[in-house]
Amino acid sequence: MSVPRSRLLDLMKVQCRIFSHTFNPKGLRLGNHVLRQRLKGPALAAYYPRKMATLKDLRKAYPEYEMIDEDEEDRLESLRIIKARGKGAPKKKRTAEESKKAKRR
Amino acid sequence: MSMFRAKKLDLGCFVNIRVIRDHTKRKVFAEHEPERQALRYIIRNLSLPASTRAKAQLQLTQMHCYTRPSQIRNRCIEGGKSRGVLRDFKMTRYNFRMRALAGLVPGVKKASW
């Protein structure tokens with residue numbers, strides 16, 4: 001009841017054709033496992049959350065509505081208070097001469 | 001490297017240079033992954049001539065380091081730290097604890113029995 005090897009190989013060939021496997025009876029290293037791997041790039045690239053719509057975008061999309069940015073208002077308010085007390089940051093020096101003078105002092 | 005970096009920042013999480021760098025590496029790797037896999041296939045295919053495989057090996061090693069998956073490291077989206085990051089929440093253990101106790105992490109509850 002023994003089946004010849006050539007017959008078994010034929011069967012395997014047909015099987016591989018039907019299920020779209022690679023026919024490789026000698027078990028050679030053809031590197032097909034690399035081709036079978038799924039690409040993991042898209043999953044890795046999606047790790048960090050992307051930027052969503054900001055208030056700036058919202059303002060641009062709906063110029064007819066007035067929107068209030070509370071954090072920005074707070075910042076400007078505190079700046080105004082500091083400037084009024086004379087504790088604000090000095091003006092940016094424009095030329096090399098001006099910056100030199102500031103250093104000497 | 002800065003030549004790969006996006007011209008406009010597209011991150012919505014905590015941002016520092018290390019987070020930007022890692023994000024850039026991820027995008028560069030995703031872009032070059034098919035090329036890398038093709039080279040890997042040539043290298044591992046023993047039926048190809050040895051010179052072809054050697055050439056592919058050289059080409060793979062000479063690709064920019066940003067295209068390598070091993071350059072990528074998970075960082076905390078709350079503080080940018082790289083150590084003690086819980087993979088499921090993408091946060092360091094401390095940030096996770098603070099946010100979980102504040103009830104900001106969905107489906108997480110302090111165990112008590």
# chains A, B, ... in the order shown; residues from 1 in each chain; ligands from 1
$ closest_atom_pairs --of "chain A" --to "chain B" --cutoff "8 Å" --atoms "only C-alpha atoms" --output "tab-separated table"
residue	atom	partner	partner_atom	distance
A:Leu28	CA	B:Leu46	CA	7.5
A:Arg29	CA	B:Leu46	CA	5.7
A:Leu30	CA	B:Asn45	CA	4.1
A:Gly31	CA	B:Asn45	CA	4.6
A:Asn32	CA	B:Tyr41	CA	6.9
A:Val34	CA	B:Tyr41	CA	5.6
A:Leu35	CA	B:Tyr41	CA	6.8
A:Leu39	CA	B:Glu33	CA	7.1
A:Lys40	CA	B:Ala30	CA	7.5
A:Gly41	CA	B:Ala30	CA	3.9
A:Pro42	CA	B:Ala30	CA	5.9
A:Leu44	CA	B:Arg26	CA	6.1
A:Ala45	CA	B:Arg26	CA	4.9
A:Tyr48	CA	B:Ile77	CA	6.7
A:Pro49	CA	B:Gly12	CA	5.4
A:Arg50	CA	B:Leu11	CA	4.5
A:Lys51	CA	B:Gly12	CA	3.8
A:Met52	CA	B:Gly12	CA	6.5
$ residues_around --residues "segment 1-9 of chain A" --least-positions-apart "4" --cutoff "10 Å" --atoms "only C-alpha atoms" --output "JSON, numbers by chain"
{"A": [13, 14, 15, 23, 24, 25]}
$ atom_distance --atom1 "atom CA of Arg87 of chain B" --atom2 "atom CA of Phe4 of chain B"
25.8 Å
$ select_by_dssp --residues "segment 2-113 of chain B" --states "strand (DSSP E)" --output "list in words"
Val85, Leu86, Met91 and Thr92 of chain B
$ atom_distance --atom1 "atom CA of Thr67 of chain B" --atom2 "atom CA of Arg21 of chain B"
12.4 Å
$ atom_distance --atom1 "atom CA of Asp88 of chain B" --atom2 "atom CA of Ala100 of chain B"
13.0 Å
$ residues_around --residues "Tyr94 of chain B" --least-positions-apart "3" --cutoff "12 Å" --atoms "only C-alpha atoms" --output "VMD selection string"
chain B and resid 76 78 to 79 81 83 to 86 89 to 91 97 to 101
$ select_by_dssp --residues "segment 51-83 of chain A" --states "helix (DSSP H, G or I)" --output "PyMOL selection string"
chain A and resi 55-61+70-83
$ residues_around --residues "Leu60 of chain B" --least-positions-apart "2" --cutoff "8 Å" --atoms "only C-alpha atoms" --output "list in words"
Arg36, Leu39, Arg40, Ala56, Gln57, Leu58, Gln62 and Met63 of chain B
$ write_last_selection --atoms "N, CA, C and O atoms" --output "PDB file, in the first residue's frame"
ATOM      1  N   ARG B  36      13.089  47.986   2.999  1.00  0.00           N
ATOM      2  CA  ARG B  36      13.872  47.171   3.931  1.00  0.00           C
ATOM      3  C   ARG B  36      13.481  45.705   3.835  1.00  0.00           C
ATOM      4  O   ARG B  36      14.335  44.819   3.826  1.00  0.00           O
ATOM      5  N   LEU B  39      14.882  44.069   0.739  1.00  0.00           N
ATOM      6  CA  LEU B  39      16.307  43.765   0.892  1.00  0.00           C
ATOM      7  C   LEU B  39      16.500  42.552   1.807  1.00  0.00           C
ATOM      8  O   LEU B  39      17.324  41.682   1.544  1.00  0.00           O
ATOM      9  N   ARG B  40      15.689  42.511   2.873  1.00  0.00           N
ATOM     10  CA  ARG B  40      15.771  41.374   3.807  1.00  0.00           C
ATOM     11  C   ARG B  40      15.432  40.065   3.110  1.00  0.00           C
ATOM     12  O   ARG B  40      16.030  39.018   3.354  1.00  0.00           O
ATOM     13  N   ALA B  56      22.937  43.305  -1.420  1.00  0.00           N
ATOM     14  CA  ALA B  56      21.733  43.684  -0.665  1.00  0.00           C
ATOM     15  C   ALA B  56      22.075  43.938   0.796  1.00  0.00           C
ATOM     16  O   ALA B  56      21.553  44.872   1.420  1.00  0.00           O
ATOM     17  N   GLN B  57      22.960  43.098   1.328  1.00  0.00           N
ATOM     18  CA  GLN B  57      23.390  43.281   2.726  1.00  0.00           C
ATOM     19  C   GLN B  57      24.020  44.649   2.918  1.00  0.00           C
ATOM     20  O   GLN B  57      23.698  45.379   3.853  1.00  0.00           O
ATOM     21  N   LEU B  58      24.897  44.987   1.977  1.00  0.00           N
ATOM     22  CA  LEU B  58      25.588  46.269   2.052  1.00  0.00           C
ATOM     23  C   LEU B  58      24.590  47.424   1.975  1.00  0.00           C
ATOM     24  O   LEU B  58      24.654  48.386   2.744  1.00  0.00           O
ATOM     25  N   GLN B  62      23.706  50.239   4.788  1.00  0.00           N
ATOM     26  CA  GLN B  62      24.027  51.635   4.483  1.00  0.00           C
ATOM     27  C   GLN B  62      22.809  52.537   4.451  1.00  0.00           C
ATOM     28  O   GLN B  62      22.940  53.729   4.186  1.00  0.00           O
ATOM     29  N   MET B  63      21.642  51.973   4.723  1.00  0.00           N
ATOM     30  CA  MET B  63      20.454  52.834   4.805  1.00  0.00           C
ATOM     31  C   MET B  63      20.565  53.707   6.046  1.00  0.00           C
ATOM     32  O   MET B  63      21.250  53.352   7.003  1.00  0.00           O
TER      33      MET B  63
END
$ decode --residues "segment 24-53 of chain B" --atoms "N, CA, C and O atoms" --output "PDB file, in the first residue's frame"
ATOM      1  N   THR B  24       9.512  61.348  14.319  1.00  0.00           N
ATOM      2  CA  THR B  24      10.100  61.409  12.972  1.00  0.00           C
ATOM      3  C   THR B  24      10.637  60.044  12.562  1.00  0.00           C
ATOM      4  O   THR B  24      10.420  59.600  11.433  1.00  0.00           O
ATOM      5  N   LYS B  25      11.316  59.380  13.502  1.00  0.00           N
ATOM      6  CA  LYS B  25      11.864  58.061  13.201  1.00  0.00           C
ATOM      7  C   LYS B  25      10.756  57.086  12.823  1.00  0.00           C
ATOM      8  O   LYS B  25      10.903  56.274  11.913  1.00  0.00           O
ATOM      9  N   ARG B  26       9.637  57.165  13.534  1.00  0.00           N
ATOM     10  CA  ARG B  26       8.521  56.273  13.229  1.00  0.00           C
ATOM     11  C   ARG B  26       8.015  56.489  11.817  1.00  0.00           C
ATOM     12  O   ARG B  26       7.758  55.547  11.067  1.00  0.00           O
ATOM     13  N   LYS B  27       7.881  57.761  11.444  1.00  0.00           N
ATOM     14  CA  LYS B  27       7.343  58.055  10.112  1.00  0.00           C
ATOM     15  C   LYS B  27       8.331  57.630   9.025  1.00  0.00           C
ATOM     16  O   LYS B  27       7.932  57.076   7.993  1.00  0.00           O
ATOM     17  N   VAL B  28       9.621  57.852   9.273  1.00  0.00           N
ATOM     18  CA  VAL B  28      10.634  57.483   8.280  1.00  0.00           C
ATOM     19  C   VAL B  28      10.682  55.964   8.128  1.00  0.00           C
ATOM     20  O   VAL B  28      10.780  55.438   7.020  1.00  0.00           O
ATOM     21  N   PHE B  29      10.571  55.257   9.269  1.00  0.00           N
ATOM     22  CA  PHE B  29      10.575  53.796   9.190  1.00  0.00           C
ATOM     23  C   PHE B  29       9.372  53.290   8.396  1.00  0.00           C
ATOM     24  O   PHE B  29       9.504  52.413   7.540  1.00  0.00           O
ATOM     25  N   ALA B  30       8.198  53.860   8.650  1.00  0.00           N
ATOM     26  CA  ALA B  30       6.992  53.423   7.935  1.00  0.00           C
ATOM     27  C   ALA B  30       7.151  53.645   6.433  1.00  0.00           C
ATOM     28  O   ALA B  30       6.695  52.830   5.626  1.00  0.00           O
ATOM     29  N   GLU B  31       7.818  54.718   6.091  1.00  0.00           N
ATOM     30  CA  GLU B  31       7.998  55.045   4.670  1.00  0.00           C
ATOM     31  C   GLU B  31       8.941  54.049   3.993  1.00  0.00           C
ATOM     32  O   GLU B  31       8.725  53.660   2.848  1.00  0.00           O
ATOM     33  N   HIS B  32      10.000  53.649   4.700  1.00  0.00           N
ATOM     34  CA  HIS B  32      11.034  52.811   4.091  1.00  0.00           C
ATOM     35  C   HIS B  32      10.860  51.327   4.382  1.00  0.00           C
ATOM     36  O   HIS B  32      11.702  50.533   3.985  1.00  0.00           O
ATOM     37  N   GLU B  33       9.794  50.958   5.086  1.00  0.00           N
ATOM     38  CA  GLU B  33       9.667  49.554   5.490  1.00  0.00           C
ATOM     39  C   GLU B  33       9.611  48.596   4.295  1.00  0.00           C
ATOM     40  O   GLU B  33      10.283  47.558   4.319  1.00  0.00           O
ATOM     41  N   PRO B  34       8.822  48.883   3.230  1.00  0.00           N
ATOM     42  CA  PRO B  34       8.801  47.948   2.088  1.00  0.00           C
ATOM     43  C   PRO B  34      10.183  47.719   1.487  1.00  0.00           C
ATOM     44  O   PRO B  34      10.542  46.577   1.166  1.00  0.00           O
ATOM     45  N   GLU B  35      10.961  48.785   1.368  1.00  0.00           N
ATOM     46  CA  GLU B  35      12.303  48.665   0.814  1.00  0.00           C
ATOM     47  C   GLU B  35      13.179  47.765   1.689  1.00  0.00           C
ATOM     48  O   GLU B  35      13.889  46.885   1.199  1.00  0.00           O
ATOM     49  N   ARG B  36      13.089  47.986   2.999  1.00  0.00           N
ATOM     50  CA  ARG B  36      13.872  47.171   3.931  1.00  0.00           C
ATOM     51  C   ARG B  36      13.481  45.705   3.835  1.00  0.00           C
ATOM     52  O   ARG B  36      14.335  44.819   3.826  1.00  0.00           O
ATOM     53  N   GLN B  37      12.164  45.458   3.765  1.00  0.00           N
ATOM     54  CA  GLN B  37      11.695  44.067   3.707  1.00  0.00           C
ATOM     55  C   GLN B  37      12.148  43.405   2.415  1.00  0.00           C
ATOM     56  O   GLN B  37      12.497  42.221   2.410  1.00  0.00           O
ATOM     57  N   ALA B  38      12.150  44.160   1.308  1.00  0.00           N
ATOM     58  CA  ALA B  38      12.603  43.605   0.039  1.00  0.00           C
ATOM     59  C   ALA B  38      14.072  43.204   0.132  1.00  0.00           C
ATOM     60  O   ALA B  38      14.470  42.109  -0.305  1.00  0.00           O
ATOM     61  N   LEU B  39      14.882  44.069   0.739  1.00  0.00           N
ATOM     62  CA  LEU B  39      16.307  43.765   0.892  1.00  0.00           C
ATOM     63  C   LEU B  39      16.500  42.552   1.807  1.00  0.00           C
ATOM     64  O   LEU B  39      17.324  41.682   1.544  1.00  0.00           O
ATOM     65  N   ARG B  40      15.689  42.511   2.873  1.00  0.00           N
ATOM     66  CA  ARG B  40      15.771  41.374   3.807  1.00  0.00           C
ATOM     67  C   ARG B  40      15.432  40.065   3.110  1.00  0.00           C
ATOM     68  O   ARG B  40      16.030  39.018   3.354  1.00  0.00           O
ATOM     69  N   TYR B  41      14.445  40.144   2.202  1.00  0.00           N
ATOM     70  CA  TYR B  41      14.050  38.949   1.458  1.00  0.00           C
ATOM     71  C   TYR B  41      15.199  38.469   0.579  1.00  0.00           C
ATOM     72  O   TYR B  41      15.516  37.281   0.537  1.00  0.00           O
ATOM     73  N   ILE B  42      15.849  39.407  -0.108  1.00  0.00           N
ATOM     74  CA  ILE B  42      16.974  39.040  -0.985  1.00  0.00           C
ATOM     75  C   ILE B  42      18.097  38.407  -0.162  1.00  0.00           C
ATOM     76  O   ILE B  42      18.688  37.402  -0.556  1.00  0.00           O
ATOM     77  N   ILE B  43      18.353  38.984   1.014  1.00  0.00           N
ATOM     78  CA  ILE B  43      19.452  38.481   1.847  1.00  0.00           C
ATOM     79  C   ILE B  43      19.163  37.062   2.333  1.00  0.00           C
ATOM     80  O   ILE B  43      20.043  36.207   2.359  1.00  0.00           O
ATOM     81  N   ARG B  44      17.916  36.794   2.668  1.00  0.00           N
ATOM     82  CA  ARG B  44      17.572  35.499   3.246  1.00  0.00           C
ATOM     83  C   ARG B  44      17.269  34.435   2.194  1.00  0.00           C
ATOM     84  O   ARG B  44      17.060  33.286   2.543  1.00  0.00           O
ATOM     85  N   ASN B  45      17.211  34.824   0.918  1.00  0.00           N
ATOM     86  CA  ASN B  45      16.910  33.863  -0.130  1.00  0.00           C
ATOM     87  C   ASN B  45      18.209  33.230  -0.622  1.00  0.00           C
ATOM     88  O   ASN B  45      18.990  33.834  -1.350  1.00  0.00           O
ATOM     89  N   LEU B  46      18.430  31.944  -0.218  1.00  0.00           N
ATOM     90  CA  LEU B  46      19.704  31.296  -0.530  1.00  0.00           C
ATOM     91  C   LEU B  46      19.781  30.871  -1.987  1.00  0.00           C
ATOM     92  O   LEU B  46      20.853  30.482  -2.452  1.00  0.00           O
ATOM     93  N   SER B  47      18.668  30.931  -2.721  1.00  0.00           N
ATOM     94  CA  SER B  47      18.713  30.505  -4.122  1.00  0.00           C
ATOM     95  C   SER B  47      19.272  31.602  -5.026  1.00  0.00           C
ATOM     96  O   SER B  47      19.562  31.354  -6.183  1.00  0.00           O
ATOM     97  N   LEU B  48      19.414  32.814  -4.491  1.00  0.00           N
ATOM     98  CA  LEU B  48      19.975  33.906  -5.292  1.00  0.00           C
ATOM     99  C   LEU B  48      21.507  33.846  -5.244  1.00  0.00           C
ATOM    100  O   LEU B  48      22.060  33.310  -4.281  1.00  0.00           O
ATOM    101  N   PRO B  49      22.179  34.394  -6.260  1.00  0.00           N
ATOM    102  CA  PRO B  49      23.654  34.371  -6.238  1.00  0.00           C
ATOM    103  C   PRO B  49      24.229  35.143  -5.053  1.00  0.00           C
ATOM    104  O   PRO B  49      23.637  36.110  -4.575  1.00  0.00           O
ATOM    105  N   ALA B  50      25.369  34.673  -4.589  1.00  0.00           N
ATOM    106  CA  ALA B  50      25.969  35.243  -3.366  1.00  0.00           C
ATOM    107  C   ALA B  50      26.291  36.718  -3.528  1.00  0.00           C
ATOM    108  O   ALA B  50      26.178  37.490  -2.573  1.00  0.00           O
ATOM    109  N   SER B  51      26.699  37.106  -4.772  1.00  0.00           N
ATOM    110  CA  SER B  51      27.086  38.510  -4.956  1.00  0.00           C
ATOM    111  C   SER B  51      25.868  39.428  -4.789  1.00  0.00           C
ATOM    112  O   SER B  51      25.963  40.506  -4.199  1.00  0.00           O
ATOM    113  N   THR B  52      24.720  38.982  -5.311  1.00  0.00           N
ATOM    114  CA  THR B  52      23.484  39.776  -5.163  1.00  0.00           C
ATOM    115  C   THR B  52      23.142  39.955  -3.701  1.00  0.00           C
ATOM    116  O   THR B  52      22.797  41.061  -3.249  1.00  0.00           O
ATOM    117  N   ARG B  53      23.280  38.846  -2.956  1.00  0.00           N
ATOM    118  CA  ARG B  53      22.913  38.912  -1.538  1.00  0.00           C
ATOM    119  C   ARG B  53      23.879  39.804  -0.773  1.00  0.00           C
ATOM    120  O   ARG B  53      23.473  40.568   0.106  1.00  0.00           O
TER     121      ARG B  53
END
